[in-house]
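Have a look at the structure below, then the notes.
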Amino acid sequence: MTNKIKTTAPVSSVGADGEQPNTKKDKQIITNETAKNNLQATNSPEKSGQGGGLQTVSMTELYDTVYPPRTPVVDGFLYGGTYLFVGAPKVGKSFFMGQLAYHVAMGLPLWNYPVRKGTVLYLALEDDYARLQRRLSVMFGVECADNLFFATQAKTLNEGLDGELEGFLKEHKDAKLIIIDTLQKVREVGGDRYSYSSDYEIVTKLKTFSDKYGICLLVVHHTRKLESEDSFDMISGTNGLLGAADGAFIMHKKKRTDNTAVMDIVGRDQTDQELTIEFDREKCIWKFQKAETELWKQPPNPLLEAINEFLTEEMREWEGTATELLKQLPDMQLSANVLSRKLNVVNSQLLNDYGIFYDNKRGHERKIILKRLEPKA
C-alpha cells in the first residue's frame, strides 16, 4: 500500500465570487465546472419545480453528480459549515478562539490535529483592540500572522452582517474560518428570541452563508446555568440552535478554578470526541492532555490507492473517459459507469487524503479530470 500525502496539503477555499486565488496556478481547483455539476440535477427545466411541483433528484442523478468536496479546516476536528462553541462565562473560550484563529492563519498543527492554512476573520465583539493586543502578545509573542483579521464591531444579521462578511470574503478569497464571538451580539432581538423556531432560524441563516461560500463559521455561545447529564443540553436557548448547526463544541469545567477542562465535540462530518485540555496560565494557551475517544480511520480504498499510484509526479494531470481510465487501472474490475459513480462519491476523500482533485465534466462525452495538487509523499 502506498503512503497518502500529508493531510496538511493547502487547499484553497472558494471565494465570494466562486473563483480560486491565482497565486499558484498548478494548485488551482477547477471550481466553475464543479459548481455547474453540483446544480445540474436540480436546475434542468423538468426539475425546476415550476407550477408548484417539488424539486426532485433521482437516485441515478444523485450518483451521477459531482458535488464540491468538503475539506477540513482542522483535520478530524473542524470542518466547513456552521458550528457552535459553547461554554460558561470566563471558562476560557476567548483564549481558545484566539489560539485556533492563530493556528489556522499560520497553518500550524493544533495539538495532534493537522491544520489547513487560510485567512481567518475573528469578530471579537465583546473585546476592544487593546485587550486583544495584550492577550495575543502573551499567547504568541509578537510573531504576527498577516492573514488573521479582527473586528470588534459588526452589524446584526437583520442589519446586514452577511453583507459585511461577503465584502471581507471578496477581498480574501482564501478565507477558511470566521469566528463570531458571540452569537448574542449578532442575533435579532425580538419577543420570541428564545423560541425553538427563532433559534433554528438564526443558525440556519448562518449555515446558509457558510455553505454558500464554502467556509467555516464558528459561533461562540454561552451555557445555561442548570446542570445536565448531557453536556449538549447545557446550551443556552432551545434545541433549535444545535438542531440547525453542523456541530457543536462544549467546553466545561468541574470547578471554575480548575486548570483542566473537558471539550465535548459532536458534528455531522466528524467522529464524536471528548477531549481533556489544560490551561497554561503563563502562556494563556490550552494544551492537549488526552482524548477519551480515538478518531475512527477509514481503511484504505483500493480504487483511490490505484489512482494515487497512477498519477505520478511526472504526470500530475490526466483527462479522459472512464473507459480510458480503467485501462490505466488494470486491477480494478469495474464498469466505466460504476467507476465514475464511485469517484463521484469519494471525491472529498481523494482530495483530502491524497491531494488529488477530481471532476467529471459533461460534454460530447463525459471526461474525467484528475489533478494532483501536492507532491506525492
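Chain labels run A, B, ... following the order of the C-alpha cells; each chain numbers its residues from 1, and ligands are numbered from 1 in the order shown.
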
> Per DSSP on the backbone, what are the helix (DSSP H, G or I) residues of stretch 40-239 of chain A, as JSON, numbers by chain?
Replying inline: {"A": [45, 46, 47, 50, 51, 52, 59, 60, 61, 62, 63, 93, 94, 95, 96, 97, 98, 99, 100, 101, 102, 103, 104, 105, 106, 129, 130, 131, 132, 133, 134, 135, 136, 137, 138, 139, 140, 157, 158, 159, 161, 162, 163, 164, 165, 166, 167, 168, 169, 170, 171, 183, 184, 185, 196, 197, 198, 199, 200, 201, 202, 203, 204, 205, 206, 207, 208, 209, 210, 211, 212, 213, 231, 232, 233, 234]}

> Got a sec to tell me which of stretch 64-303 of chain A DSSP assigns to strand (DSSP E or B), as a ChimeraX atom specification?
Replying inline: /A:72-74,78-79,81-87,110,113,115,119-124,148-151,175-181,216-223,235,247-252,260-267,273-280,285-291

> Could you pull the residues within 12 Å of A:Phe279, counting only C-alpha atoms, minus those fewer than 4 positions along the same chain, as an MDAnalysis selection string?
Replying inline: chainID A and resid 91:93 95:96 99 139 253 256:262 283:289

Write out the residues from the selection above, keeping N, CA, C and O atoms, as a compact mmCIF listing (two decimals), in the first residue's frame.
```
# COMPACT_ATOMS: atom_id res chain seq x y z
N VAL A 91 -14.77 30.75 31.10
CA VAL A 91 -14.21 29.40 31.13
C VAL A 91 -12.94 29.30 30.28
O VAL A 91 -12.18 28.34 30.39
N GLY A 92 -12.71 30.28 29.42
CA GLY A 92 -11.52 30.27 28.58
C GLY A 92 -11.82 30.16 27.10
O GLY A 92 -10.94 29.81 26.30
N LYS A 93 -13.07 30.47 26.71
CA LYS A 93 -13.47 30.35 25.31
C LYS A 93 -12.67 31.30 24.42
O LYS A 93 -12.20 30.91 23.36
N PHE A 95 -9.77 32.67 24.84
CA PHE A 95 -8.38 32.26 24.69
C PHE A 95 -8.26 31.15 23.64
O PHE A 95 -7.36 31.17 22.81
N PHE A 96 -9.20 30.22 23.68
CA PHE A 96 -9.14 29.15 22.69
C PHE A 96 -9.46 29.67 21.30
O PHE A 96 -8.88 29.22 20.31
N GLN A 99 -6.37 31.14 20.00
CA GLN A 99 -5.42 30.07 19.69
C GLN A 99 -5.77 29.39 18.37
O GLN A 99 -4.90 29.18 17.51
N MET A 139 0.07 35.20 24.46
CA MET A 139 -0.08 33.86 23.89
C MET A 139 0.99 33.52 22.87
O MET A 139 1.51 32.40 22.83
N LYS A 253 -15.90 22.90 32.88
CA LYS A 253 -15.02 22.53 33.99
C LYS A 253 -15.86 22.02 35.15
O LYS A 253 -17.03 22.39 35.29
N ARG A 256 -14.79 26.27 38.49
CA ARG A 256 -14.30 27.41 37.72
C ARG A 256 -12.80 27.61 37.89
O ARG A 256 -12.11 28.06 36.97
N THR A 257 -12.25 27.26 39.07
CA THR A 257 -10.83 27.50 39.34
C THR A 257 -9.93 26.40 38.76
O THR A 257 -8.70 26.52 38.83
N ASP A 258 -10.50 25.34 38.22
CA ASP A 258 -9.68 24.26 37.66
C ASP A 258 -8.91 24.74 36.43
O ASP A 258 -9.38 25.59 35.67
N ASN A 259 -7.71 24.17 36.27
CA ASN A 259 -6.95 24.44 35.05
C ASN A 259 -7.36 23.51 33.91
O ASN A 259 -7.11 23.81 32.75
N THR A 260 -7.95 22.38 34.23
CA THR A 260 -8.34 21.42 33.21
C THR A 260 -9.82 21.60 32.85
O THR A 260 -10.63 21.99 33.68
N ALA A 261 -10.12 21.31 31.59
CA ALA A 261 -11.49 21.39 31.10
C ALA A 261 -11.73 20.22 30.17
O ALA A 261 -10.80 19.61 29.63
N VAL A 262 -12.99 19.91 30.00
CA VAL A 262 -13.40 18.86 29.06
C VAL A 262 -14.06 19.53 27.86
O VAL A 262 -14.87 20.46 28.03
N LYS A 283 1.29 31.08 29.63
CA LYS A 283 1.23 31.43 28.21
C LYS A 283 -0.20 31.70 27.73
O LYS A 283 -0.40 32.15 26.60
N CYS A 284 -1.18 31.37 28.58
CA CYS A 284 -2.59 31.58 28.26
C CYS A 284 -3.04 30.81 27.01
O CYS A 284 -3.79 31.33 26.17
N ILE A 285 -2.54 29.58 26.88
CA ILE A 285 -2.97 28.72 25.78
C ILE A 285 -3.46 27.39 26.36
O ILE A 285 -3.09 27.00 27.47
N TRP A 286 -4.30 26.71 25.60
CA TRP A 286 -4.82 25.41 26.00
C TRP A 286 -3.94 24.31 25.44
O TRP A 286 -3.62 24.30 24.25
N LYS A 287 -3.57 23.38 26.30
CA LYS A 287 -2.73 22.25 25.91
C LYS A 287 -3.54 20.95 25.96
O LYS A 287 -4.40 20.78 26.82
N PHE A 288 -3.21 20.06 25.05
CA PHE A 288 -3.91 18.78 24.95
C PHE A 288 -3.41 17.82 26.02
O PHE A 288 -2.21 17.68 26.23
N GLN A 289 -4.34 17.15 26.69
CA GLN A 289 -3.98 16.12 27.66
C GLN A 289 -4.31 14.73 27.15
O GLN A 289 -3.45 13.87 27.06
```

> Of the candidates A:Leu110, A:Ala244, A:Ile277, A:Ile179, which shows the shortest atom-to-atom distance to A:Ala124, using only C-alpha atoms?
Replying inline: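 Nearest candidate to A:Ala124 out of A:Leu110, A:Ala244, A:Ile277, A:Ile179: A:Ile179.
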
> Separation of atom CA of A:Ile250 and atom CA of A:Met263, in Å?
Replying inline: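 Separation between atom CA of A:Ile250 and atom CA of A:Met263: 5.4 Å.
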
> Which is closest to A:Gly107 among A:Pro68, A:Gly80, A:Tyr122, A:Asn147, if we use only C-alpha atoms?
Replying inline: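 Between A:Pro68, A:Gly80, A:Tyr122, A:Asn147, the residue approaching A:Gly107 most closely is A:Asn147.
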